[in-house]
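Shown next: my_file27.txt, containing compact mmCIF, C-alpha atoms.
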# COMPACT_ATOMS: atom_id res chain seq x y z
CA MET A 1 21.63 -5.82 23.42
CA ALA A 2 22.83 -9.20 22.16
CA PHE A 3 26.46 -10.21 22.08
CA GLY A 4 28.60 -13.26 22.72
CA LEU A 5 29.47 -12.83 26.39
CA LEU A 6 28.67 -16.36 27.40
CA ARG A 7 31.71 -18.43 28.31
CA ARG A 8 33.00 -20.83 25.72
CA ARG A 9 30.52 -23.62 25.17
CA ARG A 10 32.09 -26.98 26.01
CA SER A 11 29.07 -28.97 24.86
CA ARG A 12 25.76 -28.52 23.08
CA THR A 13 24.11 -27.40 26.28
CA ALA A 14 23.98 -23.80 27.45
CA ALA A 15 27.06 -22.31 29.03
CA SER A 16 27.54 -22.67 32.76
CA GLY A 17 27.75 -18.96 33.51
CA LEU A 18 28.19 -15.40 32.38
CA SER A 19 31.26 -13.24 32.55
CA VAL A 20 30.03 -9.67 32.20
CA PRO A 21 30.74 -6.25 33.73
CA LEU A 22 27.46 -5.17 35.35
CA PRO A 23 26.25 -1.56 35.47
CA ALA A 24 25.52 -0.35 38.99
CA GLY A 25 22.24 -1.77 40.26
CA ALA A 26 21.70 -4.02 37.24
CA GLY A 27 21.51 -7.77 36.80
CA ALA A 28 22.37 -9.91 33.78
CA TYR A 29 20.21 -12.29 31.80
CA GLY A 30 21.48 -14.69 29.17
CA CYS A 31 19.98 -17.46 27.08
CA GLU A 32 20.88 -19.89 24.32
CA VAL A 33 18.19 -20.43 21.69
CA VAL A 34 18.28 -23.78 19.86
CA ASP A 35 16.32 -25.28 16.97
CA PRO A 36 14.24 -28.50 17.09
CA LEU A 37 17.43 -30.55 16.63
CA GLY A 38 19.12 -28.82 19.57
CA GLN A 39 21.47 -26.81 17.37
CA PRO A 40 22.25 -23.13 18.13
CA LEU A 41 19.84 -20.85 16.31
CA ALA A 42 21.41 -17.65 15.00
CA GLY A 43 19.20 -14.66 14.23
CA ALA A 44 16.33 -15.66 16.51
CA GLU A 45 14.35 -12.67 17.84
CA VAL A 46 14.41 -12.30 21.63
CA THR A 47 12.08 -9.85 23.39
CA VAL A 48 12.23 -9.08 27.11
CA THR A 49 9.08 -7.53 28.64
CA ALA A 50 8.63 -6.25 32.20
CA LEU A 51 5.76 -8.14 33.84
CA ASP A 52 4.60 -5.21 35.96
CA SER A 53 4.42 -2.54 33.24
CA HIS A 54 4.20 -4.77 30.13
CA ARG A 55 6.89 -2.55 28.63
CA VAL A 56 9.50 -4.01 26.28
CA VAL A 57 12.87 -3.32 27.95
CA ALA A 58 15.22 -5.25 25.66
CA ARG A 59 15.02 -6.68 22.18
CA GLY A 60 17.59 -8.21 19.87
CA THR A 61 18.70 -11.23 17.87
CA THR A 62 20.87 -14.16 18.87
CA ASP A 63 24.49 -14.21 17.73
CA PRO A 64 26.00 -16.93 15.46
CA TYR A 65 26.10 -19.26 18.48
CA GLY A 66 22.44 -18.78 19.36
CA LEU A 67 23.29 -16.58 22.36
CA PHE A 68 21.56 -13.47 23.70
CA VAL A 69 22.57 -11.33 26.71
CA ALA A 70 20.90 -8.28 28.28
CA MET A 71 21.61 -6.09 31.34
CA LEU A 72 18.33 -5.44 33.15
CA PRO A 73 17.06 -3.50 36.18
CA PRO A 74 15.88 -5.70 39.07
CA ALA A 75 12.35 -6.96 38.26
CA SER A 76 10.40 -9.90 36.91
CA TYR A 77 10.38 -10.36 33.14
CA SER A 78 8.82 -12.40 30.39
CA VAL A 79 11.27 -13.52 27.69
CA MET A 80 9.96 -14.58 24.29
CA ALA A 81 12.07 -16.13 21.53
CA THR A 82 10.81 -16.40 17.95
CA ALA A 83 12.19 -17.57 14.61
CA GLU A 84 10.66 -18.02 11.18
CA GLY A 85 8.88 -21.35 10.74
CA LEU A 86 9.13 -22.23 14.44
CA ALA A 87 6.67 -21.87 17.32
CA PRO A 88 7.46 -19.01 19.75
CA ALA A 89 8.69 -19.99 23.23
CA ARG A 90 8.28 -17.95 26.39
CA GLU A 91 9.79 -18.10 29.87
CA SER A 92 9.74 -15.96 33.02
CA VAL A 93 12.85 -14.76 34.82
CA ASP A 94 13.54 -12.77 37.99
CA ILE A 95 16.52 -10.40 37.89
CA ALA A 96 18.25 -9.19 41.07
CA ALA A 97 20.69 -6.30 41.37
CA GLY A 98 24.31 -7.40 41.04
CA ALA A 99 23.30 -10.97 40.14
CA VAL A 100 24.26 -12.90 37.05
CA ALA A 101 21.40 -15.30 36.33
CA SER A 102 22.32 -18.76 35.13
CA PRO A 103 21.85 -18.80 31.34
CA THR A 104 18.79 -20.69 30.18
CA ARG A 105 18.26 -22.86 27.12
CA ILE A 106 15.21 -22.04 25.03
CA ALA A 107 14.23 -24.69 22.50
CA LEU A 108 11.98 -23.66 19.61
CA LEU A 109 9.76 -26.39 18.19
CA PRO A 110 8.26 -26.59 14.68
CA ALA A 111 5.28 -24.33 14.25
CA ARG A 112 1.91 -25.97 13.81
CA GLN A 113 1.09 -26.07 10.12
CA LEU A 114 -2.43 -24.92 9.35
CA GLU A 115 -4.49 -27.14 7.09
CA LEU A 116 -4.19 -25.80 3.56
CA PRO A 117 -7.27 -24.86 1.52
CA PRO A 118 -8.75 -27.65 -0.59
CA PRO A 119 -7.83 -27.58 -4.31
CA GLY A 120 -9.98 -25.43 -6.53
CA THR A 121 -10.65 -21.82 -7.45
CA TRP A 122 -10.79 -19.17 -4.74
CA LEU A 123 -11.95 -15.64 -5.61
CA PHE A 124 -10.99 -12.51 -3.69
CA ASP A 125 -13.81 -11.03 -1.64
CA PRO A 126 -13.29 -7.25 -2.13
CA PRO A 127 -15.24 -6.11 0.96
CA HIS A 128 -12.93 -8.26 3.10
CA THR A 129 -9.69 -7.72 1.16
CA ALA A 130 -7.34 -4.71 1.29
CA ILE A 131 -4.41 -3.70 -0.90
CA ARG A 132 -2.40 -1.11 1.03
CA PHE A 133 0.89 0.70 0.65
CA ILE A 134 3.19 2.83 2.79
CA ALA A 135 5.69 5.29 1.33
CA LYS A 136 7.87 7.87 3.01
CA HIS A 137 7.09 11.37 1.81
CA VAL A 138 10.33 13.20 1.06
CA GLY A 139 11.09 15.41 4.05
CA MET A 140 7.85 14.49 5.78
CA ALA A 141 6.01 11.62 7.47
CA HIS A 142 4.90 8.36 5.88
CA VAL A 143 2.05 8.35 3.37
CA HIS A 144 -0.50 5.55 3.80
CA GLY A 145 -2.75 4.62 0.93
CA ARG A 146 -4.70 1.85 -0.72
CA PHE A 147 -6.34 0.75 -3.95
CA THR A 148 -10.11 0.43 -3.73
CA ARG A 149 -10.90 -1.42 -6.99
CA PHE A 150 -9.33 -4.76 -7.87
CA ASP A 151 -10.13 -8.38 -8.55
CA GLY A 152 -8.16 -11.56 -8.25
CA GLY A 153 -8.14 -15.17 -7.34
CA ILE A 154 -6.12 -18.20 -6.31
CA ARG A 155 -6.07 -21.57 -8.04
CA ILE A 156 -5.10 -24.06 -5.35
CA ALA A 157 -3.39 -27.13 -6.82
CA SER A 158 -3.06 -30.57 -5.26
CA ASP A 159 0.59 -29.64 -4.66
CA MET A 160 0.52 -26.18 -3.08
CA ALA A 161 3.83 -25.30 -4.78
CA ASP A 162 2.01 -25.48 -8.14
CA SER A 163 -0.79 -23.11 -7.10
CA GLN A 164 -1.29 -19.80 -8.90
CA VAL A 165 -2.40 -16.30 -7.92
CA SER A 166 -3.46 -13.46 -10.17
CA VAL A 167 -4.46 -9.91 -9.21
CA ARG A 168 -5.57 -6.97 -11.34
CA ILE A 169 -5.69 -3.52 -9.71
CA ASP A 170 -7.42 -0.48 -11.16
CA ALA A 171 -4.57 2.05 -10.90
CA SER A 172 -6.97 5.01 -10.89
CA SER A 173 -8.52 3.75 -7.64
CA ILE A 174 -5.47 4.85 -5.63
CA THR A 175 -6.41 6.87 -2.55
CA THR A 176 -4.36 8.43 0.24
CA GLY A 177 -7.02 10.64 1.80
CA ASN A 178 -5.82 13.76 -0.03
CA LYS A 179 -7.59 14.56 -3.31
CA THR A 180 -4.83 16.80 -4.70
CA ARG A 181 -2.16 14.20 -3.96
CA ASP A 182 -4.30 11.38 -5.35
CA ASN A 183 -4.81 13.24 -8.64
CA HIS A 184 -1.05 13.84 -8.83
CA LEU A 185 -0.35 10.14 -8.21
CA ARG A 186 -2.69 9.29 -11.10
CA SER A 187 -0.91 11.75 -13.41
CA ALA A 188 1.92 11.13 -15.88
CA ASP A 189 4.41 12.04 -13.13
CA PHE A 190 3.58 8.80 -11.31
CA LEU A 191 1.21 5.98 -12.30
CA ASP A 192 0.08 7.61 -15.56
CA VAL A 193 -3.27 5.84 -15.37
CA GLU A 194 -4.39 7.11 -18.77
CA ARG A 195 -1.65 5.08 -20.46
CA TYR A 196 -1.37 2.29 -17.89
CA PRO A 197 -4.81 1.73 -16.35
CA TYR A 198 -3.97 -1.54 -14.57
CA ILE A 199 -1.40 -2.97 -12.18
CA ASP A 200 -1.14 -6.75 -12.61
CA PHE A 201 0.48 -9.51 -10.57
CA THR A 202 0.76 -13.11 -11.74
CA SER A 203 2.48 -15.70 -9.58
CA THR A 204 5.03 -18.21 -10.83
CA ARG A 205 5.53 -20.45 -7.78
CA PHE A 206 4.96 -20.89 -4.05
CA VAL A 207 7.96 -21.70 -1.82
CA TYR A 208 7.29 -23.13 1.65
CA ARG A 209 9.33 -21.54 4.48
CA GLY A 210 7.97 -23.43 7.48
CA GLY A 211 4.98 -23.05 9.77
CA SER A 212 2.46 -20.77 8.08
CA LYS A 213 5.10 -18.90 6.06
CA TRP A 214 5.46 -18.97 2.27
CA THR A 215 7.22 -16.89 -0.36
CA LEU A 216 5.04 -16.13 -3.36
CA HIS A 217 7.19 -15.46 -6.43
CA GLY A 218 5.69 -13.76 -9.47
CA THR A 219 5.71 -10.93 -11.98
CA LEU A 220 4.39 -7.46 -11.22
CA THR A 221 3.51 -5.23 -14.17
CA MET A 222 3.12 -1.54 -13.42
CA HIS A 223 3.61 1.62 -15.45
CA GLY A 224 4.31 -0.52 -18.55
CA THR A 225 7.19 -2.39 -16.90
CA SER A 226 7.30 -5.97 -15.59
CA ARG A 227 9.57 -7.08 -12.75
CA SER A 228 9.99 -10.26 -10.71
CA VAL A 229 8.97 -9.83 -7.08
CA GLY A 230 8.70 -12.05 -4.02
CA LEU A 231 5.89 -11.61 -1.49
CA ASP A 232 6.46 -12.73 2.10
CA THR A 233 3.18 -14.49 2.78
CA THR A 234 1.56 -15.68 5.99
CA TYR A 235 -1.32 -18.13 5.60
CA LEU A 236 -4.03 -17.37 8.18
CA GLY A 237 -6.22 -20.43 7.77
CA THR A 238 -9.51 -21.61 6.31
CA VAL A 239 -12.94 -21.23 7.93
CA ASN A 240 -16.63 -21.57 7.19
CA ALA A 241 -17.88 -18.04 7.75
CA GLY A 242 -19.64 -15.07 6.27
CA TYR A 243 -22.64 -14.95 3.96
CA GLU A 244 -24.45 -18.31 4.11
CA GLN A 245 -21.32 -19.84 5.69
CA GLU A 246 -19.26 -20.21 2.50
CA LEU A 247 -15.74 -21.60 2.79
CA ARG A 248 -13.09 -18.86 3.03
CA CYS A 249 -9.31 -18.70 3.32
CA ALA A 250 -7.11 -15.76 4.32
CA ALA A 251 -3.51 -14.66 3.92
CA LEU A 252 -1.31 -11.62 4.46
CA ALA A 253 1.41 -10.84 1.88
CA LYS A 254 4.05 -8.09 1.99
CA THR A 255 6.85 -6.88 -0.25
CA GLU A 256 9.01 -3.81 -0.88
CA LEU A 257 8.98 -2.16 -4.30
CA HIS A 258 11.66 0.13 -5.69
CA ARG A 259 9.98 2.84 -7.72
CA GLU A 260 12.79 3.19 -10.24
CA ASP A 261 12.36 -0.50 -11.14
CA PHE A 262 9.10 0.63 -12.72
CA THR A 263 10.57 3.77 -14.38
CA LEU A 264 9.03 6.09 -11.77
CA ASN A 265 12.05 8.39 -11.58
CA TRP A 266 11.81 10.16 -8.26
CA ARG A 267 15.22 11.84 -8.61
CA SER A 268 14.15 13.52 -11.84
CA MET A 269 10.97 14.75 -10.17
CA LEU A 270 12.94 16.09 -7.21
CA ALA A 271 15.19 18.01 -9.60
CA ARG A 272 12.06 19.52 -11.15
CA GLY A 273 10.82 20.61 -7.73
CA ILE A 274 7.99 18.07 -7.58
CA SER A 275 7.13 16.93 -4.04
CA VAL A 276 7.25 13.15 -4.09
CA VAL A 277 7.27 10.07 -1.92
CA GLY A 278 10.57 8.25 -1.47
CA PRO A 279 12.26 5.63 -3.66
CA THR A 280 10.72 2.57 -1.96
CA VAL A 281 7.13 1.58 -1.27
CA GLN A 282 5.92 -1.10 1.16
CA LEU A 283 3.05 -3.06 -0.36
CA GLU A 284 0.67 -5.22 1.70
CA LEU A 285 -2.16 -7.48 0.56
CA ASP A 286 -4.62 -8.56 3.26
CA VAL A 287 -6.62 -11.17 1.36
CA GLN A 288 -9.79 -13.09 2.08
CA ALA A 289 -10.94 -15.43 -0.69
CA MET A 290 -14.07 -17.53 -1.19
CA HIS A 291 -14.06 -21.07 -2.55
CA ARG A 292 -15.85 -20.92 -5.90
CA THR A 293 -18.18 -23.85 -6.53
CA PRO A 294 -21.53 -24.11 -8.36
CA GLU A 295 -23.17 -23.77 -4.94
CA THR A 296 -21.18 -20.72 -3.83
CA PRO A 297 -23.66 -17.93 -3.00
CA THR A 298 -23.25 -14.43 -4.38
CA PRO A 299 -22.26 -12.08 -1.54
CA PRO A 300 -24.64 -9.17 -0.93
CA GLU A 301 -23.63 -5.74 -2.21

Would you mind writing the structure in this file as structure tokens?
Amino acid sequence: MAFGLLRRRRSRTAASGLSVPLPAGAGAYGCEVVDPLGQPLAGAEVTVTALDSHRVVARGTTDPYGLFVAMLPPASYSVMATAEGLAPARESVDIAAGAVASPTRIALLPARQLELPPPGTWLFDPPHTAIRFIAKHVGMAHVHGRFTRFDGGIRIASDMADSQVSVRIDASSITTGNKTRDNHLRSADFLDVERYPYIDFTSTRFVYRGGSKWTLHGTLTMHGTSRSVGLDTTYLGTVNAGYEQELRCAALAKTELHREDFTLNWRSMLARGISVVGPTVQLELDVQAMHRTPETPTPPE
């Protein structure tokens, strides 16, 4: 529950008090979230968790003035503020019945930037990489699935913005844990794997968003149609690990696809009485890649 109930700010510091009608037995908590320059940060995520039960009791985003207010039962709480590209900040607060706590100022600092992988070629390690999707089944629960056969790699450039990613997925390897459904998804009603055996992604550019966040822009080709997509990507770091301690990097990338962008006409199938998943699909790539050098060992089968 976030709304602008703090008194008018007369300076760049937090307001001096709250003016709110309190529910019986409740107390009020308010904070102002600011960026590294001390400016109000709109849209920051604020989560309030009860310290005794570890239950989230309030969650919301700051208003255009960086303000967040919540009415809370008497207890001790942990308050965490987060924003893209900035390090999370946490504070503790005690709420008493009928009390209006003095609003606090939470400053978010720049997130620590992980060291980027060294330039070169990095190949996906299939046993430690997953390509998953989630789609809402019409009139039913979500369908979770994945592709089990794929290959890909990353060419890291000296300037990360110039790096490139390519992925090729075997469309027939789709699996959702239901053989009948999987066969239907491979049919001409959906992926039509006989005519379009592969799903391909080729990146065009990396855009840095702060901290460990990037947007990976590129072209996705599926079902004979190519569309521009952007993957929200979180870089997870680089380590020496695994078989014979080869150098590895990891990242998590997500995007939402609209099926009709790829001529998968779900409305037409509904009209024909075909049970289908909904018009959008959430796609997630959980990638681990190995640095390819002449000395890179071949992973065991």

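Excluding Ala44 (chain A) itself and any same-chain residue fewer than 4 positions from it, the protein and nucleic acid residues within 7 Å of it, counting only C-alpha atoms, are Thr61, Thr62, Ala81, Thr82 and Ala83 of chain A.
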
Would you write out those residues with C-alpha atoms, as a tab-separated table (two decimals), keeping the file's coordinate frame?
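Contents of the output file part08.tsv:
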chain	number	residue	atom	x	y	z
A	61	THR	CA	18.70	-11.23	17.87
A	62	THR	CA	20.87	-14.16	18.87
A	81	ALA	CA	12.07	-16.13	21.53
A	82	THR	CA	10.81	-16.40	17.95
A	83	ALA	CA	12.19	-17.57	14.61

Ser172 (chain A): which residues within 7 Å, counting only C-alpha atoms, same-chain residues fewer than 4 positions away excluded, as a short mmCIF file (atom, residue, chain, number, x, y, z; two decimals) with C-alpha atoms, in the coordinates of the input?
data_model
loop_
_atom_site.label_atom_id
_atom_site.label_comp_id
_atom_site.auth_asym_id
_atom_site.auth_seq_id
_atom_site.Cartn_x
_atom_site.Cartn_y
_atom_site.Cartn_z
CA ARG A 186 -2.69 9.29 -11.10
CA VAL A 193 -3.27 5.84 -15.37
CA PRO A 197 -4.81 1.73 -16.35
#

So how far away is CA of Leu185 (chain A) from CA of Ser203 (chain A), in Å? 26.0 Å

Fewer than 5 positions away in the same chain doesn't count, so skip those; otherwise give me all residues within 12 Å of Trp122 (chain A), counting all atoms listed in the file, as number ranges by chain. A: 117, 151-157, 163-166, 238, 246-250, 287-293, 296

From A:Leu191, A:Ala130, A:Ile199, A:Met160, residue lying nearest Leu252 (chain A) [all atoms listed in the file]: A:Ala130

Could you list as a PDB file with C-alpha atoms, in the coordinates of the input every residue that has an atom within 6 Å of (-2.7, -0.9, -12.3), using the file's coordinates and counting all atoms listed in the file?
ATOM      1  CA  ILE A 169      -5.690  -3.520  -9.710  1.00  0.00           C
ATOM      2  CA  ASP A 170      -7.420  -0.480 -11.160  1.00  0.00           C
ATOM      3  CA  ALA A 171      -4.570   2.050 -10.900  1.00  0.00           C
ATOM      4  CA  PRO A 197      -4.810   1.730 -16.350  1.00  0.00           C
ATOM      5  CA  TYR A 198      -3.970  -1.540 -14.570  1.00  0.00           C
ATOM      6  CA  ILE A 199      -1.400  -2.970 -12.180  1.00  0.00           C
ATOM      7  CA  MET A 222       3.120  -1.540 -13.420  1.00  0.00           C
TER       8      MET A 222
END

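The interatomic distance for the pair CA of Met80 (chain A) and CA of Thr47 (chain A) works out to 5.3 Å.
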
Residue among A:Thr175, A:Thr202, A:Thr233, A:Gln113 lying closest to Phe133 (chain A), counting all atoms listed in the file: A:Thr175
